[in-house]
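What follows is the content of data-v3.cif, which has mmCIF, N, CA and C atoms:
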data_model
loop_
_atom_site.label_atom_id
_atom_site.label_comp_id
_atom_site.auth_asym_id
_atom_site.auth_seq_id
_atom_site.Cartn_x
_atom_site.Cartn_y
_atom_site.Cartn_z
N MET A 14 92.42 38.53 187.80
CA MET A 14 93.19 39.70 187.43
C MET A 14 92.23 40.86 187.18
N LYS A 15 92.52 41.99 187.75
CA LYS A 15 91.69 43.17 187.60
C LYS A 15 92.38 44.15 186.66
N LYS A 16 91.62 44.76 185.75
CA LYS A 16 92.17 45.75 184.83
C LYS A 16 91.69 47.14 185.23
N SER A 17 92.53 48.12 184.96
CA SER A 17 92.19 49.50 185.23
C SER A 17 93.00 50.39 184.29
N GLU A 18 92.95 51.69 184.54
CA GLU A 18 93.74 52.66 183.78
C GLU A 18 94.75 53.31 184.73
N PHE A 19 95.89 53.72 184.17
CA PHE A 19 96.90 54.41 184.96
C PHE A 19 97.38 55.65 184.21
N VAL A 20 98.01 56.53 184.95
CA VAL A 20 98.74 57.66 184.39
C VAL A 20 100.04 57.79 185.17
N LEU A 21 101.13 58.09 184.46
CA LEU A 21 102.43 58.39 185.07
C LEU A 21 102.69 59.86 184.82
N GLN A 22 102.88 60.61 185.90
CA GLN A 22 103.11 62.05 185.79
C GLN A 22 104.41 62.44 186.48
N GLU A 23 105.07 63.42 185.88
CA GLU A 23 106.20 64.07 186.54
C GLU A 23 105.59 65.26 187.29
N HIS A 24 105.97 65.44 188.55
CA HIS A 24 105.29 66.41 189.40
C HIS A 24 106.32 67.29 190.10
N TYR A 25 106.27 68.58 189.82
CA TYR A 25 107.15 69.57 190.45
C TYR A 25 106.34 70.35 191.49
N ILE A 26 106.92 70.56 192.66
CA ILE A 26 106.26 71.33 193.71
C ILE A 26 107.15 72.52 194.05
N GLU A 27 106.56 73.72 193.98
CA GLU A 27 107.32 74.95 194.24
C GLU A 27 107.06 75.43 195.66
N TYR A 28 107.93 75.02 196.58
CA TYR A 28 107.90 75.54 197.93
C TYR A 28 108.62 76.89 197.93
N PRO A 29 108.37 77.76 198.91
CA PRO A 29 109.05 79.06 198.93
C PRO A 29 110.58 78.94 198.91
N GLU A 30 111.12 77.92 199.58
CA GLU A 30 112.59 77.81 199.67
C GLU A 30 113.22 76.91 198.61
N GLU A 31 112.42 76.08 197.93
CA GLU A 31 112.99 75.17 196.93
C GLU A 31 111.89 74.56 196.05
N THR A 32 112.31 74.00 194.94
CA THR A 32 111.41 73.24 194.07
C THR A 32 111.83 71.78 194.15
N THR A 33 110.86 70.89 194.35
CA THR A 33 111.15 69.46 194.41
C THR A 33 110.47 68.76 193.25
N LYS A 34 110.95 67.57 192.95
CA LYS A 34 110.37 66.79 191.86
C LYS A 34 110.21 65.35 192.31
N HIS A 35 109.10 64.75 191.90
CA HIS A 35 108.88 63.32 192.07
C HIS A 35 107.98 62.86 190.93
N TRP A 36 107.71 61.58 190.87
CA TRP A 36 106.84 61.01 189.85
C TRP A 36 105.63 60.41 190.55
N ASP A 37 104.47 60.51 189.91
CA ASP A 37 103.24 59.95 190.46
C ASP A 37 102.69 58.90 189.51
N ILE A 38 102.33 57.75 190.06
CA ILE A 38 101.52 56.79 189.32
C ILE A 38 100.16 56.81 189.99
N ARG A 39 99.14 57.04 189.18
CA ARG A 39 97.77 57.06 189.66
C ARG A 39 96.99 55.99 188.91
N VAL A 40 96.22 55.20 189.65
CA VAL A 40 95.43 54.11 189.09
C VAL A 40 93.97 54.32 189.48
N LYS A 41 93.07 54.26 188.49
CA LYS A 41 91.64 54.38 188.78
C LYS A 41 91.21 53.22 189.67
N ALA A 42 90.46 53.56 190.73
CA ALA A 42 89.95 52.56 191.67
C ALA A 42 88.55 52.99 192.09
N GLY A 43 87.60 52.78 191.21
CA GLY A 43 86.23 53.24 191.49
C GLY A 43 86.14 54.74 191.35
N LYS A 44 85.63 55.41 192.39
CA LYS A 44 85.44 56.86 192.35
C LYS A 44 86.67 57.63 192.83
N HIS A 45 87.71 56.93 193.24
CA HIS A 45 88.94 57.59 193.66
C HIS A 45 90.12 57.02 192.87
N LEU A 46 91.29 57.55 193.15
CA LEU A 46 92.53 57.08 192.52
C LEU A 46 93.46 56.57 193.60
N GLU A 47 94.10 55.44 193.35
CA GLU A 47 95.22 55.04 194.20
C GLU A 47 96.45 55.71 193.62
N GLU A 48 97.28 56.24 194.48
CA GLU A 48 98.40 57.07 194.04
C GLU A 48 99.66 56.68 194.77
N TRP A 49 100.78 56.71 194.02
CA TRP A 49 102.09 56.46 194.60
C TRP A 49 103.02 57.56 194.17
N ASN A 50 103.59 58.29 195.14
CA ASN A 50 104.62 59.29 194.86
C ASN A 50 105.94 58.54 194.84
N ILE A 51 106.62 58.57 193.71
CA ILE A 51 107.84 57.80 193.50
C ILE A 51 109.01 58.77 193.44
N TYR A 52 110.10 58.44 194.13
CA TYR A 52 111.21 59.37 194.25
C TYR A 52 112.38 59.05 193.32
N GLN A 53 112.13 58.19 192.34
CA GLN A 53 113.09 57.88 191.27
C GLN A 53 112.27 57.69 190.01
N ASP A 54 112.76 58.13 188.88
CA ASP A 54 112.03 58.03 187.62
C ASP A 54 111.83 56.55 187.27
N PRO A 55 110.60 56.03 187.29
CA PRO A 55 110.39 54.62 186.99
C PRO A 55 110.75 54.25 185.56
N LEU A 56 110.75 55.22 184.65
CA LEU A 56 111.12 54.93 183.26
C LEU A 56 112.61 54.64 183.12
N MET A 57 113.40 55.06 184.11
CA MET A 57 114.85 54.86 184.06
C MET A 57 115.31 53.68 184.91
N MET A 58 114.38 53.06 185.64
CA MET A 58 114.76 51.97 186.54
C MET A 58 115.00 50.68 185.75
N GLU A 59 115.99 49.91 186.18
CA GLU A 59 116.30 48.62 185.57
C GLU A 59 115.64 47.51 186.36
N LYS A 60 115.54 46.34 185.76
CA LYS A 60 114.96 45.17 186.43
C LYS A 60 115.68 44.96 187.76
N GLY A 61 114.90 44.74 188.82
CA GLY A 61 115.46 44.56 190.16
C GLY A 61 115.65 45.86 190.91
N GLY A 62 115.54 47.00 190.19
CA GLY A 62 115.68 48.29 190.85
C GLY A 62 114.49 48.58 191.75
N LEU A 63 114.78 49.28 192.83
CA LEU A 63 113.68 49.62 193.74
C LEU A 63 113.86 51.03 194.27
N THR A 64 112.74 51.61 194.68
CA THR A 64 112.76 52.94 195.26
C THR A 64 111.64 53.04 196.28
N GLN A 65 111.83 53.91 197.24
CA GLN A 65 110.81 54.13 198.25
C GLN A 65 109.70 54.99 197.65
N VAL A 66 108.47 54.75 198.07
CA VAL A 66 107.32 55.51 197.59
C VAL A 66 106.43 55.91 198.77
N ALA A 67 105.60 56.91 198.52
CA ALA A 67 104.55 57.29 199.46
C ALA A 67 103.23 56.85 198.84
N LYS A 68 102.50 56.00 199.53
CA LYS A 68 101.22 55.49 199.04
C LYS A 68 100.11 56.39 199.55
N LYS A 69 99.20 56.81 198.64
CA LYS A 69 98.13 57.73 198.99
C LYS A 69 96.84 57.33 198.30
N VAL A 70 95.76 57.97 198.72
CA VAL A 70 94.47 57.89 198.03
C VAL A 70 94.15 59.29 197.56
N CYS A 71 93.81 59.44 196.29
CA CYS A 71 93.47 60.72 195.69
C CYS A 71 91.96 60.73 195.44
N ARG A 72 91.26 61.69 196.01
CA ARG A 72 89.80 61.77 195.88
C ARG A 72 89.35 62.53 194.63
N ASP A 73 90.29 63.15 193.92
CA ASP A 73 89.95 63.97 192.74
C ASP A 73 90.37 63.23 191.46
N PRO A 74 89.42 62.60 190.76
CA PRO A 74 89.78 61.86 189.54
C PRO A 74 90.30 62.73 188.41
N ASN A 75 90.17 64.05 188.52
CA ASN A 75 90.70 64.95 187.48
C ASN A 75 92.21 64.86 187.37
N TRP A 76 92.89 64.36 188.41
CA TRP A 76 94.35 64.23 188.34
C TRP A 76 94.77 63.31 187.20
N MET A 77 93.91 62.43 186.74
CA MET A 77 94.24 61.56 185.60
C MET A 77 94.43 62.38 184.32
N LYS A 78 93.85 63.57 184.28
CA LYS A 78 93.85 64.40 183.06
C LYS A 78 94.84 65.56 183.10
N TYR A 79 95.31 65.94 184.29
CA TYR A 79 96.18 67.10 184.39
C TYR A 79 97.47 66.85 183.62
N ASP A 80 97.75 67.73 182.66
CA ASP A 80 98.93 67.57 181.81
C ASP A 80 99.46 68.93 181.41
N ARG A 81 100.75 69.12 181.62
CA ARG A 81 101.43 70.37 181.25
C ARG A 81 100.68 71.57 181.80
N GLN A 82 100.37 71.50 183.11
CA GLN A 82 99.64 72.60 183.71
C GLN A 82 99.98 72.74 185.19
N TRP A 83 99.70 73.93 185.69
CA TRP A 83 99.88 74.25 187.10
C TRP A 83 98.60 73.92 187.84
N VAL A 84 98.75 73.27 188.99
CA VAL A 84 97.62 72.92 189.85
C VAL A 84 98.03 73.28 191.27
N LYS A 85 97.16 73.95 192.02
CA LYS A 85 97.47 74.26 193.42
C LYS A 85 97.05 73.09 194.30
N VAL A 86 97.96 72.68 195.18
CA VAL A 86 97.70 71.62 196.15
C VAL A 86 97.92 72.23 197.53
N GLY A 87 96.85 72.38 198.28
CA GLY A 87 96.97 73.01 199.59
C GLY A 87 97.53 74.42 199.50
N GLY A 88 97.21 75.13 198.42
CA GLY A 88 97.70 76.49 198.22
C GLY A 88 99.10 76.58 197.65
N ILE A 89 99.76 75.44 197.45
CA ILE A 89 101.13 75.41 196.93
C ILE A 89 101.08 75.12 195.43
N PRO A 90 101.73 75.94 194.59
CA PRO A 90 101.73 75.69 193.15
C PRO A 90 102.54 74.45 192.78
N THR A 91 101.94 73.60 191.96
CA THR A 91 102.63 72.41 191.48
C THR A 91 102.43 72.31 189.97
N TYR A 92 103.41 71.75 189.29
CA TYR A 92 103.34 71.58 187.84
C TYR A 92 103.30 70.08 187.55
N VAL A 93 102.38 69.67 186.69
CA VAL A 93 102.18 68.25 186.39
C VAL A 93 102.30 68.03 184.88
N ASP A 94 103.03 66.98 184.51
CA ASP A 94 103.23 66.64 183.10
C ASP A 94 103.03 65.14 182.94
N ILE A 95 102.11 64.72 182.05
CA ILE A 95 101.89 63.30 181.81
C ILE A 95 103.04 62.75 180.97
N LEU A 96 103.68 61.69 181.47
CA LEU A 96 104.76 61.02 180.74
C LEU A 96 104.24 59.78 180.02
N ASP A 97 103.20 59.14 180.56
CA ASP A 97 102.62 57.95 179.94
C ASP A 97 101.26 57.68 180.57
N LYS A 98 100.45 56.94 179.86
CA LYS A 98 99.16 56.49 180.39
C LYS A 98 98.76 55.25 179.61
N GLY A 99 97.82 54.51 180.17
CA GLY A 99 97.37 53.30 179.49
C GLY A 99 96.65 52.38 180.46
N ASP A 100 96.63 51.12 180.10
CA ASP A 100 95.98 50.11 180.93
C ASP A 100 96.97 49.50 181.90
N VAL A 101 96.44 49.00 183.00
CA VAL A 101 97.24 48.29 183.99
C VAL A 101 96.44 47.08 184.44
N GLU A 102 97.13 45.97 184.58
CA GLU A 102 96.53 44.76 185.13
C GLU A 102 97.06 44.58 186.54
N ILE A 103 96.15 44.36 187.48
CA ILE A 103 96.55 44.16 188.87
C ILE A 103 96.45 42.67 189.14
N ASP A 104 97.63 42.01 189.22
CA ASP A 104 97.71 40.55 189.34
C ASP A 104 97.45 40.08 190.76
N GLN A 105 97.88 40.86 191.73
CA GLN A 105 97.77 40.44 193.13
C GLN A 105 97.62 41.69 193.97
N LYS A 106 96.76 41.63 194.99
CA LYS A 106 96.59 42.78 195.86
C LYS A 106 96.27 42.30 197.27
N SER A 107 97.08 42.77 198.22
CA SER A 107 96.86 42.49 199.64
C SER A 107 97.23 43.76 200.40
N PRO A 108 97.04 43.80 201.70
CA PRO A 108 97.43 45.01 202.46
C PRO A 108 98.92 45.33 202.41
N THR A 109 99.76 44.34 202.05
CA THR A 109 101.21 44.59 202.04
C THR A 109 101.87 44.42 200.67
N THR A 110 101.13 43.98 199.66
CA THR A 110 101.72 43.75 198.34
C THR A 110 100.71 44.01 197.23
N VAL A 111 101.17 44.67 196.17
CA VAL A 111 100.39 44.81 194.95
C VAL A 111 101.34 44.50 193.80
N ILE A 112 100.91 43.65 192.88
CA ILE A 112 101.71 43.36 191.68
C ILE A 112 100.94 43.87 190.47
N PHE A 113 101.62 44.71 189.68
CA PHE A 113 101.02 45.35 188.52
C PHE A 113 101.70 44.87 187.24
N LYS A 114 100.97 44.92 186.16
CA LYS A 114 101.55 44.81 184.82
C LYS A 114 101.09 46.06 184.07
N PHE A 115 102.03 46.98 183.83
CA PHE A 115 101.71 48.22 183.13
C PHE A 115 101.81 47.99 181.63
N LEU A 116 100.82 48.49 180.90
CA LEU A 116 100.73 48.30 179.46
C LEU A 116 100.72 49.64 178.74
N GLY A 117 101.57 50.57 179.17
CA GLY A 117 101.66 51.87 178.53
C GLY A 117 102.61 51.83 177.35
N GLU A 118 102.77 52.96 176.70
CA GLU A 118 103.74 53.04 175.61
C GLU A 118 105.16 53.07 176.15
N ARG A 119 105.36 53.70 177.31
CA ARG A 119 106.69 53.82 177.89
C ARG A 119 106.84 53.00 179.17
N LEU A 120 105.82 53.01 180.02
CA LEU A 120 105.87 52.24 181.27
C LEU A 120 105.25 50.88 181.00
N LYS A 121 106.13 49.88 180.92
CA LYS A 121 105.72 48.52 180.57
C LYS A 121 106.32 47.54 181.56
N GLY A 122 105.67 46.40 181.67
CA GLY A 122 106.25 45.33 182.46
C GLY A 122 105.60 45.19 183.81
N ARG A 123 106.18 44.27 184.59
CA ARG A 123 105.64 43.92 185.91
C ARG A 123 106.40 44.66 187.00
N TRP A 124 105.64 45.17 187.96
CA TRP A 124 106.17 45.93 189.08
C TRP A 124 105.51 45.43 190.34
N GLN A 125 106.21 45.55 191.45
CA GLN A 125 105.65 45.16 192.74
C GLN A 125 105.74 46.33 193.71
N LEU A 126 104.64 46.60 194.37
CA LEU A 126 104.59 47.55 195.45
C LEU A 126 104.53 46.73 196.72
N MET A 127 105.48 46.93 197.65
CA MET A 127 105.48 46.10 198.86
C MET A 127 105.75 46.95 200.09
N ARG A 128 105.08 46.57 201.15
CA ARG A 128 105.24 47.28 202.41
C ARG A 128 106.28 46.56 203.26
N ARG A 129 107.23 47.31 203.77
CA ARG A 129 108.25 46.81 204.68
C ARG A 129 108.24 47.69 205.91
N GLY A 130 107.61 47.21 206.98
CA GLY A 130 107.42 48.05 208.17
C GLY A 130 106.48 49.18 207.83
N SER A 131 106.90 50.41 208.07
CA SER A 131 106.05 51.56 207.72
C SER A 131 106.37 52.11 206.33
N ALA A 132 107.37 51.57 205.67
CA ALA A 132 107.79 52.06 204.35
C ALA A 132 107.17 51.22 203.23
N TRP A 133 106.94 51.88 202.10
CA TRP A 133 106.50 51.19 200.87
C TRP A 133 107.64 51.28 199.86
N LEU A 134 107.88 50.17 199.16
CA LEU A 134 108.91 50.10 198.13
C LEU A 134 108.26 49.73 196.81
N PHE A 135 108.81 50.25 195.71
CA PHE A 135 108.34 49.98 194.36
C PHE A 135 109.49 49.29 193.63
N VAL A 136 109.26 48.07 193.14
CA VAL A 136 110.31 47.24 192.55
C VAL A 136 109.95 46.88 191.12
N LYS A 137 110.90 47.03 190.22
CA LYS A 137 110.69 46.61 188.83
C LYS A 137 111.02 45.13 188.71
N LEU A 138 110.01 44.31 188.35
CA LEU A 138 110.20 42.87 188.24
C LEU A 138 110.61 42.44 186.84
N SER A 139 110.13 43.13 185.81
CA SER A 139 110.52 42.77 184.42
C SER A 139 110.40 43.95 183.51
#

Translate the structure of the given file into structure tokens.
Amino acid sequence: MKKSEFVLQEHYIEYPEETTKHWDIRVKAGKHLEEWNIYQDPLMMEKGGLTQVAKKVCRDPNWMKYDRQWVKVGGIPTYVDILDKGDVEIDQKSPTTVIFKFLGERLKGRWQLMRRGSAWLFVKLS
């Protein structure tokens, strides 16, 4: 089992025609961050609930610290707010599956990230 740190952020993006919202989970992985853009609030998900995610690699570790502030991404203004942070245990990791145990104050329990074709899904296990 591998331990690391995570942050859960609410992320607003202000496009010229609309503002969108998603949630980001970022996990320290050496000199970079593994990142998942989640399109449903994970704090509101029930056991067995799942949502599609976008899996990314973030090269800027400062994203772990951005809180209640505006950050430009590709010239587009975005607002980031930390909802929770803490330790995470990574129980299993393969190219198609990652099982986490989040140990935050609000984000707790076991979750599975799984690849189905070209899509990634995030499932609350407990």

Determine the residue set returned by the PyMOL selection byres ((chain A and resi 36-53) around 8) for the present structure, and present it as a VMD selection string.
-> chain A and resid 16 to 25 34 to 35 54 to 58 63 to 74 76 to 77 101 135

Taking the file as shown, find all residues satisfying the PyMOL selection byres ((chain A and resi 119) around 8) and write them as a list in words.
->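 When the PyMOL selection byres ((chain A and resi 119) around 8) is applied to the shown file, the picked residues are Pro55, Leu56, Leu96, Asp97, Lys98, Phe115, Leu116, Gly117, Glu118, Leu120, Lys121 and Gly122 of chain A.
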
In Å, how far is it from atom CA of A:Gly61 to atom CA of A:Arg123?
->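 Interatomic distance here is 10.7 Å.
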
Long-range neighbours of A:Asp80 as a ChimeraX atom specification, 6 Å cut-off, only C-alpha atoms, 3 positions minimum in chain = /A:93-95

Please measure the separation of atom CA of A:Met127 and atom CA of A:Phe113, giving the value in Å to one decimal.
->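 Taking atom CA of A:Met127 as the start and atom CA of A:Phe113 as the end point, the length is 11.3 Å.
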
Sel. of strand (DSSP E) residues, stretch 35-115 of chain A, as a ChimeraX atom specification = /A:35-42,45-51,63-71,82-86,89-106,110-115

Mind dumping the selected residues with N, CA and C atoms as a compact mmCIF listing (two decimals), in the frame of the given file?
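File written: selection-v7.txt
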# COMPACT_ATOMS: atom_id res chain seq x y z
N HIS A 35 109.10 64.75 191.90
CA HIS A 35 108.88 63.32 192.07
C HIS A 35 107.98 62.86 190.93
N TRP A 36 107.71 61.58 190.87
CA TRP A 36 106.84 61.01 189.85
C TRP A 36 105.63 60.41 190.55
N ASP A 37 104.47 60.51 189.91
CA ASP A 37 103.24 59.95 190.46
C ASP A 37 102.69 58.90 189.51
N ILE A 38 102.33 57.75 190.06
CA ILE A 38 101.52 56.79 189.32
C ILE A 38 100.16 56.81 189.99
N ARG A 39 99.14 57.04 189.18
CA ARG A 39 97.77 57.06 189.66
C ARG A 39 96.99 55.99 188.91
N VAL A 40 96.22 55.20 189.65
CA VAL A 40 95.43 54.11 189.09
C VAL A 40 93.97 54.32 189.48
N LYS A 41 93.07 54.26 188.49
CA LYS A 41 91.64 54.38 188.78
C LYS A 41 91.21 53.22 189.67
N ALA A 42 90.46 53.56 190.73
CA ALA A 42 89.95 52.56 191.67
C ALA A 42 88.55 52.99 192.09
N HIS A 45 87.71 56.93 193.24
CA HIS A 45 88.94 57.59 193.66
C HIS A 45 90.12 57.02 192.87
N LEU A 46 91.29 57.55 193.15
CA LEU A 46 92.53 57.08 192.52
C LEU A 46 93.46 56.57 193.60
N GLU A 47 94.10 55.44 193.35
CA GLU A 47 95.22 55.04 194.20
C GLU A 47 96.45 55.71 193.62
N GLU A 48 97.28 56.24 194.48
CA GLU A 48 98.40 57.07 194.04
C GLU A 48 99.66 56.68 194.77
N TRP A 49 100.78 56.71 194.02
CA TRP A 49 102.09 56.46 194.60
C TRP A 49 103.02 57.56 194.17
N ASN A 50 103.59 58.29 195.14
CA ASN A 50 104.62 59.29 194.86
C ASN A 50 105.94 58.54 194.84
N ILE A 51 106.62 58.57 193.71
CA ILE A 51 107.84 57.80 193.50
C ILE A 51 109.01 58.77 193.44
N LEU A 63 114.78 49.28 192.83
CA LEU A 63 113.68 49.62 193.74
C LEU A 63 113.86 51.03 194.27
N THR A 64 112.74 51.61 194.68
CA THR A 64 112.76 52.94 195.26
C THR A 64 111.64 53.04 196.28
N GLN A 65 111.83 53.91 197.24
CA GLN A 65 110.81 54.13 198.25
C GLN A 65 109.70 54.99 197.65
N VAL A 66 108.47 54.75 198.07
CA VAL A 66 107.32 55.51 197.59
C VAL A 66 106.43 55.91 198.77
N ALA A 67 105.60 56.91 198.52
CA ALA A 67 104.55 57.29 199.46
C ALA A 67 103.23 56.85 198.84
N LYS A 68 102.50 56.00 199.53
CA LYS A 68 101.22 55.49 199.04
C LYS A 68 100.11 56.39 199.55
N LYS A 69 99.20 56.81 198.64
CA LYS A 69 98.13 57.73 198.99
C LYS A 69 96.84 57.33 198.30
N VAL A 70 95.76 57.97 198.72
CA VAL A 70 94.47 57.89 198.03
C VAL A 70 94.15 59.29 197.56
N CYS A 71 93.81 59.44 196.29
CA CYS A 71 93.47 60.72 195.69
C CYS A 71 91.96 60.73 195.44
N GLN A 82 100.37 71.50 183.11
CA GLN A 82 99.64 72.60 183.71
C GLN A 82 99.98 72.74 185.19
N TRP A 83 99.70 73.93 185.69
CA TRP A 83 99.88 74.25 187.10
C TRP A 83 98.60 73.92 187.84
N VAL A 84 98.75 73.27 188.99
CA VAL A 84 97.62 72.92 189.85
C VAL A 84 98.03 73.28 191.27
N LYS A 85 97.16 73.95 192.02
CA LYS A 85 97.47 74.26 193.42
C LYS A 85 97.05 73.09 194.30
N VAL A 86 97.96 72.68 195.18
CA VAL A 86 97.70 71.62 196.15
C VAL A 86 97.92 72.23 197.53
N ILE A 89 99.76 75.44 197.45
CA ILE A 89 101.13 75.41 196.93
C ILE A 89 101.08 75.12 195.43
N PRO A 90 101.73 75.94 194.59
CA PRO A 90 101.73 75.69 193.15
C PRO A 90 102.54 74.45 192.78
N THR A 91 101.94 73.60 191.96
CA THR A 91 102.63 72.41 191.48
C THR A 91 102.43 72.31 189.97
N TYR A 92 103.41 71.75 189.29
CA TYR A 92 103.34 71.58 187.84
C TYR A 92 103.30 70.08 187.55
N VAL A 93 102.38 69.67 186.69
CA VAL A 93 102.18 68.25 186.39
C VAL A 93 102.30 68.03 184.88
N ASP A 94 103.03 66.98 184.51
CA ASP A 94 103.23 66.64 183.10
C ASP A 94 103.03 65.14 182.94
N ILE A 95 102.11 64.72 182.05
CA ILE A 95 101.89 63.30 181.81
C ILE A 95 103.04 62.75 180.97
N LEU A 96 103.68 61.69 181.47
CA LEU A 96 104.76 61.02 180.74
C LEU A 96 104.24 59.78 180.02
N ASP A 97 103.20 59.14 180.56
CA ASP A 97 102.62 57.95 179.94
C ASP A 97 101.26 57.68 180.57
N LYS A 98 100.45 56.94 179.86
CA LYS A 98 99.16 56.49 180.39
C LYS A 98 98.76 55.25 179.61
N GLY A 99 97.82 54.51 180.17
CA GLY A 99 97.37 53.30 179.49
C GLY A 99 96.65 52.38 180.46
N ASP A 100 96.63 51.12 180.10
CA ASP A 100 95.98 50.11 180.93
C ASP A 100 96.97 49.50 181.90
N VAL A 101 96.44 49.00 183.00
CA VAL A 101 97.24 48.29 183.99
C VAL A 101 96.44 47.08 184.44
N GLU A 102 97.13 45.97 184.58
CA GLU A 102 96.53 44.76 185.13
C GLU A 102 97.06 44.58 186.54
N ILE A 103 96.15 44.36 187.48
CA ILE A 103 96.55 44.16 188.87
C ILE A 103 96.45 42.67 189.14
N ASP A 104 97.63 42.01 189.22
CA ASP A 104 97.71 40.55 189.34
C ASP A 104 97.45 40.08 190.76
N GLN A 105 97.88 40.86 191.73
CA GLN A 105 97.77 40.44 193.13
C GLN A 105 97.62 41.69 193.97
N LYS A 106 96.76 41.63 194.99
CA LYS A 106 96.59 42.78 195.86
C LYS A 106 96.27 42.30 197.27
N THR A 110 101.13 43.98 199.66
CA THR A 110 101.72 43.75 198.34
C THR A 110 100.71 44.01 197.23
N VAL A 111 101.17 44.67 196.17
CA VAL A 111 100.39 44.81 194.95
C VAL A 111 101.34 44.50 193.80
N ILE A 112 100.91 43.65 192.88
CA ILE A 112 101.71 43.36 191.68
C ILE A 112 100.94 43.87 190.47
N PHE A 113 101.62 44.71 189.68
CA PHE A 113 101.02 45.35 188.52
C PHE A 113 101.70 44.87 187.24
N LYS A 114 100.97 44.92 186.16
CA LYS A 114 101.55 44.81 184.82
C LYS A 114 101.09 46.06 184.07
N PHE A 115 102.03 46.98 183.83
CA PHE A 115 101.71 48.22 183.13
C PHE A 115 101.81 47.99 181.63

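The shortest atom-to-atom distance to A:Gly87, with only C-alpha atoms taken into account, belongs to A:Ile26 out of A:Ile26, A:Lys15, A:Arg128, A:Val111.
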
In Å, rounded to a single decimal, give me how far atom CA of A:Tyr28 is from atom CA of A:Arg129.
->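 Rounded to one decimal, the two atoms are 29.5 Å apart.
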
Taking into account only N, CA and C atoms, which residue in the set A:Thr110, A:Ser139, A:Thr91, A:Thr32 is nearest to A:Leu126?
-> A:Thr110
